[in-house]
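Enquirer: This one is input36.txt, compact mmCIF, C-alpha atoms.
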```txt
# COMPACT_ATOMS: atom_id res chain seq x y z
CA MET C 1451 129.57 89.80 79.81
CA LYS C 1452 130.88 92.42 82.20
CA THR C 1453 129.32 93.01 85.58
CA THR C 1454 126.90 95.92 85.40
CA THR C 1455 124.60 97.80 87.74
CA PRO C 1456 120.89 97.09 87.17
CA LYS C 1457 118.84 100.13 86.23
CA PRO C 1458 116.45 101.41 88.93
CA THR C 1459 113.01 99.82 89.08
CA GLN C 1460 109.75 100.74 90.78
CA LEU C 1461 107.83 98.39 93.03
CA LEU C 1462 105.55 96.40 90.77
CA ARG C 1463 101.96 96.08 91.96
CA GLY C 1464 98.76 94.81 90.36
CA ILE C 1465 98.10 92.19 87.72
CA VAL C 1466 100.88 91.04 85.40
CA PRO C 1467 99.63 88.40 82.92
CA PRO C 1468 102.05 85.58 82.16
CA LEU C 1469 101.45 85.95 78.45
CA ILE C 1470 100.61 82.95 76.32
CA THR C 1471 102.73 82.62 73.18
CA PRO C 1472 100.40 82.73 70.14
CA LEU C 1473 101.65 80.31 67.49
CA ALA C 1474 100.83 80.18 63.79
CA ASP C 1475 102.75 76.93 63.30
CA ARG C 1476 105.15 74.69 65.21
CA ASP C 1477 108.00 77.23 65.11
CA GLU C 1478 106.20 80.32 63.88
CA LEU C 1479 104.94 83.20 66.00
CA ASP C 1480 101.41 84.43 65.33
CA GLN C 1481 102.34 88.10 65.02
CA GLU C 1482 98.78 89.31 64.46
CA GLY C 1483 97.52 87.22 67.36
CA LEU C 1484 100.27 88.57 69.63
CA SER C 1485 99.34 92.16 68.80
CA SER C 1486 95.68 91.36 69.46
CA LEU C 1487 96.51 89.68 72.77
CA ILE C 1488 98.66 92.56 73.98
CA SER C 1489 95.96 95.06 73.02
CA HIS C 1490 93.39 92.97 74.90
CA VAL C 1491 95.32 92.73 78.17
CA LEU C 1492 96.43 96.36 78.12
CA LYS C 1493 92.84 97.45 77.60
CA GLY C 1494 92.02 95.38 80.69
CA GLY C 1495 94.28 97.60 82.81
CA VAL C 1496 97.18 95.28 83.63
CA SER C 1497 100.32 96.62 85.29
CA GLY C 1498 102.87 94.78 83.17
CA LEU C 1499 103.48 91.73 80.99
CA PHE C 1500 105.53 88.63 81.74
CA ILE C 1501 106.64 86.69 78.68
CA LEU C 1502 108.42 83.34 78.33
CA GLY C 1503 107.16 81.86 81.56
CA THR C 1504 105.27 78.64 82.19
CA THR C 1505 102.04 79.86 80.59
CA GLY C 1506 104.16 81.11 77.71
CA GLU C 1507 105.53 77.57 77.18
CA ALA C 1508 109.07 78.92 77.12
CA PRO C 1509 110.94 75.60 77.54
CA SER C 1510 109.11 74.22 74.47
CA LEU C 1511 110.08 77.13 72.20
CA SER C 1512 113.18 77.35 70.04
CA TYR C 1513 115.79 79.93 70.98
CA ARG C 1514 115.02 81.74 67.74
CA LEU C 1515 111.32 81.91 68.55
CA ARG C 1516 111.98 83.10 72.10
CA ARG C 1517 113.99 85.99 70.70
CA GLU C 1518 111.28 86.79 68.19
CA MET C 1519 108.70 86.81 71.00
CA ILE C 1520 110.85 89.22 73.03
CA GLN C 1521 111.44 91.61 70.14
CA ALA C 1522 107.82 91.58 68.95
CA THR C 1523 106.32 92.02 72.42
CA ILE C 1524 108.52 94.95 73.36
CA ARG C 1525 107.85 96.59 69.99
CA VAL C 1526 104.06 96.28 70.35
CA VAL C 1527 103.97 97.32 74.02
CA ASP C 1528 106.07 100.39 73.16
CA GLY C 1529 106.77 101.35 76.76
CA ARG C 1530 103.16 101.43 77.93
CA VAL C 1531 103.83 98.93 80.74
CA PRO C 1532 106.94 97.12 81.97
CA VAL C 1533 107.86 93.92 80.12
CA LEU C 1534 109.28 91.12 82.25
CA VAL C 1535 111.18 88.43 80.34
CA GLY C 1536 111.75 84.87 81.52
CA ILE C 1537 115.38 83.90 80.97
CA THR C 1538 115.50 80.51 82.70
CA ASP C 1539 117.31 77.74 80.87
CA THR C 1540 119.05 74.48 81.73
CA ALA C 1541 122.30 76.11 80.56
CA PHE C 1542 123.59 79.12 82.49
CA THR C 1543 125.19 80.63 79.39
CA GLU C 1544 121.93 80.50 77.45
CA SER C 1545 120.17 82.39 80.27
CA VAL C 1546 122.84 85.09 80.14
CA ASN C 1547 122.69 85.26 76.34
CA LEU C 1548 118.90 85.61 76.34
CA ALA C 1549 119.15 88.27 79.05
CA LYS C 1550 121.57 90.27 76.93
CA TYR C 1551 119.29 90.05 73.92
CA ALA C 1552 116.22 91.07 75.95
CA ALA C 1553 118.07 94.03 77.45
CA ASP C 1554 119.15 95.18 74.00
CA CYS C 1555 115.50 94.98 72.87
CA GLY C 1556 114.36 97.18 75.77
CA ALA C 1557 113.07 94.74 78.40
CA ASP C 1558 112.52 96.07 81.92
CA THR C 1559 113.09 93.08 84.20
CA PHE C 1560 114.29 89.49 83.97
CA VAL C 1561 112.47 86.58 85.61
CA LEU C 1562 114.50 83.59 86.81
CA THR C 1563 113.35 80.32 88.28
CA THR C 1564 115.54 77.48 89.49
CA PRO C 1565 117.33 75.53 86.75
CA TYR C 1566 115.26 72.50 85.83
CA TYR C 1567 116.06 68.85 84.97
CA PHE C 1568 119.04 68.42 87.34
CA PRO C 1569 117.88 69.62 90.79
CA ALA C 1570 120.27 72.11 92.37
CA GLY C 1571 121.08 72.19 96.07
CA GLN C 1572 120.44 75.44 97.94
CA THR C 1573 124.15 76.29 98.19
CA GLU C 1574 124.48 75.75 94.45
CA LEU C 1575 121.33 77.75 93.82
CA ILE C 1576 122.56 80.73 95.82
CA SER C 1577 125.83 80.71 93.89
CA TYR C 1578 123.97 80.37 90.59
CA VAL C 1579 121.72 83.37 91.28
CA ARG C 1580 124.61 85.50 92.54
CA GLU C 1581 126.63 84.79 89.41
CA LEU C 1582 123.74 85.42 87.05
CA VAL C 1583 122.72 88.69 88.71
CA ALA C 1584 126.34 89.84 88.44
CA GLN C 1585 126.33 89.23 84.70
CA VAL C 1586 123.04 90.85 83.63
CA SER C 1587 122.16 94.48 83.19
CA LEU C 1588 118.56 94.55 84.42
CA PRO C 1589 116.78 93.81 87.71
CA VAL C 1590 115.87 90.18 88.36
CA MET C 1591 112.63 88.82 89.79
CA LEU C 1592 112.94 85.30 91.16
CA TYR C 1593 110.26 82.74 90.30
CA ASN C 1594 109.37 79.88 92.64
CA MET C 1595 107.83 77.04 90.58
CA PRO C 1596 108.70 73.79 92.42
CA GLN C 1597 105.98 71.73 90.70
CA LEU C 1598 107.94 71.90 87.45
CA THR C 1599 111.53 72.61 88.48
CA LYS C 1600 111.65 70.19 91.47
CA VAL C 1601 113.46 72.82 93.57
CA TRP C 1602 112.18 75.53 95.93
CA PHE C 1603 113.83 78.81 96.75
CA ASP C 1604 114.18 78.15 100.48
CA ILE C 1605 113.34 81.13 102.68
CA ALA C 1606 116.83 81.05 104.20
CA SER C 1607 118.32 81.19 100.71
CA LEU C 1608 116.11 84.12 99.75
CA ARG C 1609 117.07 85.95 102.94
CA GLU C 1610 120.71 85.57 101.94
CA LEU C 1611 119.99 86.63 98.35
CA SER C 1612 118.07 89.69 99.58
CA ALA C 1613 121.46 91.34 100.03
CA LEU C 1614 121.70 91.55 96.23
CA GLU C 1615 120.39 94.91 95.06
CA GLY C 1616 119.74 93.50 91.60
CA ILE C 1617 116.97 91.19 92.87
CA VAL C 1618 113.66 93.06 93.04
CA GLY C 1619 111.08 90.50 94.09
CA ILE C 1620 109.57 87.05 93.85
CA LYS C 1621 106.78 85.43 91.92
CA ASP C 1622 105.50 82.40 93.82
CA SER C 1623 103.49 79.71 92.06
CA SER C 1624 103.84 77.04 94.74
CA GLY C 1625 100.31 77.50 96.07
CA ASP C 1626 101.68 77.13 99.62
CA MET C 1627 100.30 80.16 101.43
CA GLU C 1628 102.36 79.59 104.57
CA TYR C 1629 105.43 79.88 102.37
CA PHE C 1630 103.91 82.96 100.71
CA ALA C 1631 103.45 84.58 104.11
CA GLU C 1632 107.15 84.00 104.82
CA LEU C 1633 107.98 85.63 101.49
CA CYS C 1634 105.97 88.69 102.45
CA ALA C 1635 107.82 88.82 105.76
CA LEU C 1636 111.04 89.35 103.78
CA LYS C 1637 109.72 92.83 103.01
CA SER C 1638 110.95 93.83 106.45
CA GLU C 1639 114.45 93.48 104.99
CA ARG C 1640 113.58 94.48 101.40
CA PRO C 1641 110.56 96.81 101.39
CA ASP C 1642 111.26 97.48 97.71
CA TRP C 1643 110.54 93.86 96.75
CA SER C 1644 107.42 92.95 94.79
CA ILE C 1645 105.84 89.73 96.05
CA LEU C 1646 103.43 88.35 93.44
CA VAL C 1647 101.26 85.24 93.56
CA GLY C 1648 100.79 82.82 90.66
CA PRO C 1649 97.66 80.74 91.48
CA GLU C 1650 94.88 83.15 90.56
CA ALA C 1651 92.27 81.70 92.93
CA LYS C 1652 94.56 82.77 95.81
CA LEU C 1653 94.79 86.43 94.82
CA ALA C 1654 92.65 87.66 97.73
CA GLU C 1655 94.45 85.45 100.27
CA ALA C 1656 97.82 86.62 98.97
CA HIS C 1657 96.76 90.26 99.31
CA ALA C 1658 95.69 89.70 102.91
CA LEU C 1659 99.16 88.30 103.64
CA GLY C 1660 100.88 91.36 102.20
CA GLY C 1661 101.27 90.43 98.54
CA ASP C 1662 101.50 93.06 95.84
CA GLY C 1663 99.41 91.41 93.14
CA GLY C 1664 99.31 88.44 90.82
CA VAL C 1665 100.91 86.89 87.78
CA ASN C 1666 97.69 85.16 86.80
CA GLY C 1667 97.26 83.12 83.61
CA GLY C 1668 93.55 83.84 83.46
CA ALA C 1669 94.36 87.51 82.88
CA ASN C 1670 95.23 86.55 79.29
CA VAL C 1671 91.53 85.93 78.81
CA ALA C 1672 89.79 88.15 81.38
CA PRO C 1673 92.28 90.82 82.47
CA GLN C 1674 89.50 93.12 83.65
CA LEU C 1675 88.30 90.54 86.20
CA PHE C 1676 91.68 90.22 87.87
CA VAL C 1677 92.44 93.94 87.71
CA GLU C 1678 89.05 94.73 89.23
CA CYS C 1679 89.59 92.15 91.97
CA HIS C 1680 92.99 93.60 92.86
CA ARG C 1681 91.64 97.14 92.83
CA ALA C 1682 88.76 96.17 95.12
CA LEU C 1683 91.21 94.45 97.47
CA CYS C 1684 93.35 97.57 97.67
CA GLU C 1685 90.26 99.72 98.30
CA GLY C 1686 88.89 97.37 100.95
CA ASP C 1687 85.65 96.90 99.02
CA ASN C 1688 84.80 93.46 100.39
CA ALA C 1689 81.43 93.19 98.67
CA ARG C 1690 83.01 93.85 95.29
CA VAL C 1691 85.86 91.43 96.02
CA GLU C 1692 83.34 88.69 96.82
CA GLU C 1693 81.41 89.35 93.62
CA VAL C 1694 84.44 89.32 91.34
CA GLN C 1695 86.10 86.46 93.18
CA ALA C 1696 83.06 84.31 92.49
CA LYS C 1697 83.57 84.85 88.76
CA ILE C 1698 87.28 84.10 89.05
CA LEU C 1699 86.53 80.84 90.86
CA LYS C 1700 84.01 79.90 88.17
CA PHE C 1701 86.62 80.68 85.52
CA GLN C 1702 88.96 78.16 87.21
CA GLU C 1703 86.73 75.36 85.96
CA ILE C 1704 88.30 75.63 82.50
CA TYR C 1705 91.49 74.17 84.01
CA ASP C 1706 89.65 70.97 84.95
CA ILE C 1707 88.90 70.21 81.30
CA GLY C 1708 91.19 67.62 79.77
CA LYS C 1709 93.19 64.89 81.46
CA TYR C 1710 96.84 65.89 80.95
CA ALA C 1711 98.98 68.39 82.86
CA SER C 1712 99.10 70.51 79.70
CA ARG C 1713 95.37 71.24 80.09
CA HIS C 1714 96.04 74.56 81.84
CA ILE C 1715 97.79 75.99 78.78
CA LYS C 1716 95.36 74.32 76.37
CA ALA C 1717 92.38 75.74 78.26
CA THR C 1718 93.84 79.26 78.37
CA LYS C 1719 94.66 79.24 74.66
CA SER C 1720 91.26 77.72 73.86
CA ALA C 1721 89.50 80.48 75.81
CA ALA C 1722 91.56 83.16 74.06
CA SER C 1723 90.69 81.73 70.66
CA LEU C 1724 86.98 81.54 71.53
CA LEU C 1725 87.11 85.26 72.28
CA GLY C 1726 88.76 85.88 68.90
CA ILE C 1727 92.04 87.07 70.41
CA CYS C 1728 94.47 84.58 68.88
CA ASN C 1729 94.47 80.95 67.78
CA ASP C 1730 94.83 78.10 70.24
CA LEU C 1731 97.79 76.13 68.88
CA PRO C 1732 100.00 74.94 71.77
CA ALA C 1733 103.70 74.22 71.45
CA TYR C 1734 104.56 70.75 70.16
CA PRO C 1735 104.06 67.95 71.24
CA PHE C 1736 100.80 69.13 72.82
CA ASN C 1737 97.49 69.12 70.98
CA GLN C 1738 94.82 71.79 71.11
CA PHE C 1739 91.40 71.05 72.59
CA LEU C 1740 88.93 69.39 70.25
CA ALA C 1741 85.29 70.45 69.77
CA PRO C 1742 83.86 68.78 72.93
CA GLU C 1743 86.45 70.44 75.19
CA ARG C 1744 86.08 73.79 73.45
CA LYS C 1745 82.34 73.61 73.98
CA ARG C 1746 82.87 73.18 77.72
CA VAL C 1747 85.29 76.11 77.81
CA ALA C 1748 82.79 78.25 75.89
CA GLN C 1749 80.03 77.40 78.35
CA ILE C 1750 82.13 78.53 81.31
CA LEU C 1751 83.05 81.77 79.55
CA SER C 1752 79.36 82.32 78.82
CA ASP C 1753 78.39 81.62 82.43
CA ILE C 1754 80.54 84.50 83.67
CA GLY C 1755 79.57 86.89 80.86
CA LEU C 1756 82.75 86.77 78.80
CA LEU C 1757 81.22 85.14 75.74
```
Have the structure of the file written as structure tokens, please.
Expert:
Amino acid sequence: MKTTTPKPTQLLRGIVPPLITPLADRDELDQEGLSSLISHVLKGGVSGLFILGTTGEAPSLSYRLRREMIQATIRVVDGRVPVLVGITDTAFTESVNLAKYAADCGADTFVLTTPYYFPAGQTELISYVRELVAQVSLPVMLYNMPQLTKVWFDIASLRELSALEGIVGIKDSSGDMEYFAELCALKSERPDWSILVGPEAKLAEAHALGGDGGVNGGANVAPQLFVECHRALCEGDNARVEEVQAKILKFQEIYDIGKYASRHIKATKSAASLLGICNDLPAYPFNQFLAPERKRVAQILSDIGLL
């Protein structure tokens, strides 16, 4: 692919749900469920959609299904909000190929975390990002997810990468708010960068540090809660923030159901299915929640007025 200049992008603020991938079968997209989900989150007032991330189970999906998810999402969204597409893969060439496909479909931004399985050193990581940005045609948002990739984007590395015009921000899911504060400090060098937080319970803390919003998995289920919280934060309405934040913290209890690391995705999909948005089938080899777990999820949704 030839080196190209990324198209201009606006600073992204607000809530950007990391969309779950509704499945009808092991390698079959639930098209009706996807349309329902997109309608649900857009009605909730979100600022964009991020597909093929962690919550979207991207590494567990076939390349064919990832492409189908990209094409279907962009078609349904129809330009109403920006669509951010995760392009991370263990193989550099596959990331570039997926980026080309997403650009051809009409995506707005790519999202790239550190390559997983074999941990890269920071020098290697800087080179990797430079090369990828040079080969794609859209802006790139970096994604710090050390719990799953085993590698951080060091602040020194990000400061060096900030010289690349094609990088437009960072999504941080580390949960380390000292690190997040250092990310926000990079805005002194790149005021056009969007700094977004992943852990939804830390949305208010991230805002206080200078963050621009959140990529919060719970916004698949209750987009209005997270949008309202962000709006109240921006307006300085502390009483409203406290009220909505209490519901968000209660919602977090769904992630404590189940005993495996996959419970976060299972709980989110279970909640979405209980609200009639889409079914709750996770990507193989994971199993969906059974009746006892679903009952606990339903109770939490009921407690905060969602069900």
Enquirer: Counting only C-alpha atoms, figure out which residue out of C:Phe1739, C:Tyr1567, C:His1490, C:Thr1471 gets nearest to Leu1598 in chain C.
Expert: C:Tyr1567
Enquirer: If we count only C-alpha atoms, what is near Gln1521 in chain C at a cut-off of 12 Å, once residues fewer than 6 positions away on the same chain are taken out, given as a list in words?
Expert: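 Selected residues are Leu1479, Gln1481, Leu1484, Ile1501, Arg1514, Leu1515, Val1527, Asp1528, Val1533, Val1535, Leu1548, Tyr1551, Ala1552, Ala1553, Asp1554, Cys1555, Gly1556 and Ala1557 of chain C.
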Enquirer: Please produce an output containing C-alpha atoms for each residue in the selection, written as a short mmCIF file (atom, residue, chain, number, x, y, z; two decimals), keeping the file's coordinate frame.
Expert:
```cif
data_model
loop_
_atom_site.label_atom_id
_atom_site.label_comp_id
_atom_site.auth_asym_id
_atom_site.auth_seq_id
_atom_site.Cartn_x
_atom_site.Cartn_y
_atom_site.Cartn_z
CA LEU C 1479 104.94 83.20 66.00
CA GLN C 1481 102.34 88.10 65.02
CA LEU C 1484 100.27 88.57 69.63
CA ILE C 1501 106.64 86.69 78.68
CA ARG C 1514 115.02 81.74 67.74
CA LEU C 1515 111.32 81.91 68.55
CA VAL C 1527 103.97 97.32 74.02
CA ASP C 1528 106.07 100.39 73.16
CA VAL C 1533 107.86 93.92 80.12
CA VAL C 1535 111.18 88.43 80.34
CA LEU C 1548 118.90 85.61 76.34
CA TYR C 1551 119.29 90.05 73.92
CA ALA C 1552 116.22 91.07 75.95
CA ALA C 1553 118.07 94.03 77.45
CA ASP C 1554 119.15 95.18 74.00
CA CYS C 1555 115.50 94.98 72.87
CA GLY C 1556 114.36 97.18 75.77
CA ALA C 1557 113.07 94.74 78.40
#
```
Enquirer: Just want the 7 Å neighbourhood of Cys1634 in chain C, counted on all atoms listed in the file, with same-chain residues fewer than 5 positions away dropped. Output as a PyMOL selection string.
Expert: chain C and resi 1645+1659-1661
Enquirer: Can you tell me which residues surround range 1741-1751 of chain C at a distance of at most 8 Å, considering all atoms listed in the file, apart from same-chain residues fewer than 6 positions away, and format the answer as a PDB file with C-alpha atoms, keeping the file's coordinate frame?
Expert:
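As written to disk, part-v7.pdb reads:
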```pdb
ATOM      1  CA  LYS C1700      84.010  79.900  88.170  1.00  0.00           C
ATOM      2  CA  PHE C1701      86.620  80.680  85.520  1.00  0.00           C
ATOM      3  CA  GLU C1703      86.730  75.360  85.960  1.00  0.00           C
ATOM      4  CA  ILE C1704      88.300  75.630  82.500  1.00  0.00           C
ATOM      5  CA  ILE C1707      88.900  70.210  81.300  1.00  0.00           C
ATOM      6  CA  GLY C1708      91.190  67.620  79.770  1.00  0.00           C
ATOM      7  CA  ALA C1717      92.380  75.740  78.260  1.00  0.00           C
ATOM      8  CA  SER C1720      91.260  77.720  73.860  1.00  0.00           C
ATOM      9  CA  ALA C1721      89.500  80.480  75.810  1.00  0.00           C
ATOM     10  CA  LEU C1724      86.980  81.540  71.530  1.00  0.00           C
ATOM     11  CA  LEU C1757      81.220  85.140  75.740  1.00  0.00           C
TER      12      LEU C1757
END
```
Enquirer: Work out how far CA of Leu1608 in chain C is from CA of Ile1620 in chain C, in Å to one decimal.
Expert: 9.3 Å
Enquirer: Please tell me which residues are no farther than 12 Å from (109.0, 98.3, 81.4) in the file, counting all atoms listed in the file, and write them as a ChimeraX atom specification.
Expert: /C:1457-1462,1466,1497-1500,1523-1525,1527-1535,1552-1553,1555-1560,1588-1589
Enquirer: So, with only C-alpha atoms as the atoms that count, which of C:Val1583, C:Leu1740, C:Ala1549, C:Leu1683 lies closest to Val1618 in chain C?
Expert: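 For Val1618 in chain C, the nearest of the given residues is C:Val1583.
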Enquirer: Which polymer residues, protein or nucleic acid, are no farther than 8 Å from (112.7, 87.6, 103.8), counting only C-alpha atoms, as a list in words?
Expert: Ile1605, Ala1606, Leu1608, Arg1609, Ser1612, Glu1632, Leu1633, Cys1634, Ala1635, Leu1636, Lys1637, Ser1638, Glu1639 and Arg1640 of chain C
Enquirer: Which is closer to Gly1663 in chain C than all the others in C:Glu1650, C:Asp1687, C:Glu1628, C:Glu1692, using all atoms listed in the file?
Expert: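 Using all atoms listed in the file, the shortest distance to Gly1663 in chain C belongs to C:Glu1650.
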Enquirer: List the neighbours of Leu1675 in chain C out to 8 Å using only C-alpha atoms; skip same-chain residues closer than 3 positions along the sequence, and give me the result as a PyMOL selection string.
Expert: chain C and resi 1669+1672+1678-1679+1694+1697-1698
Enquirer: Can you work out the spacing between CA of Glu1610 in chain C and CA of Arg1580 in chain C in Å, to one decimal?
Expert: 10.2 Å
Enquirer: When you count all atoms listed in the file, which of these residues is closest to Ser1489 in chain C: C:Glu1518, C:Pro1509, C:Lys1652, C:Cys1728?
Expert: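 Selected residue with least distance to Ser1489 in chain C: C:Cys1728.
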Enquirer: Using all atoms listed in the file, find the one residue out of C:Ser1644, C:Ala1570, C:Phe1630, C:Tyr1734 that sits nearest to Leu1592 in chain C.
Expert: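 Once distances to Leu1592 in chain C are computed over all atoms listed in the file, the minimum belongs to C:Ser1644.
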Enquirer: Box for range 1638-1642 of chain C - axis-aligned, 6 Å on each of the six sides, all listed atoms - centre and size in Å to one decimal, as JSON.
Expert:
```
{"center_x": 112.5, "center_y": 95.5, "center_z": 102.1, "size_x": 15.9, "size_y": 16.0, "size_z": 20.7}
```
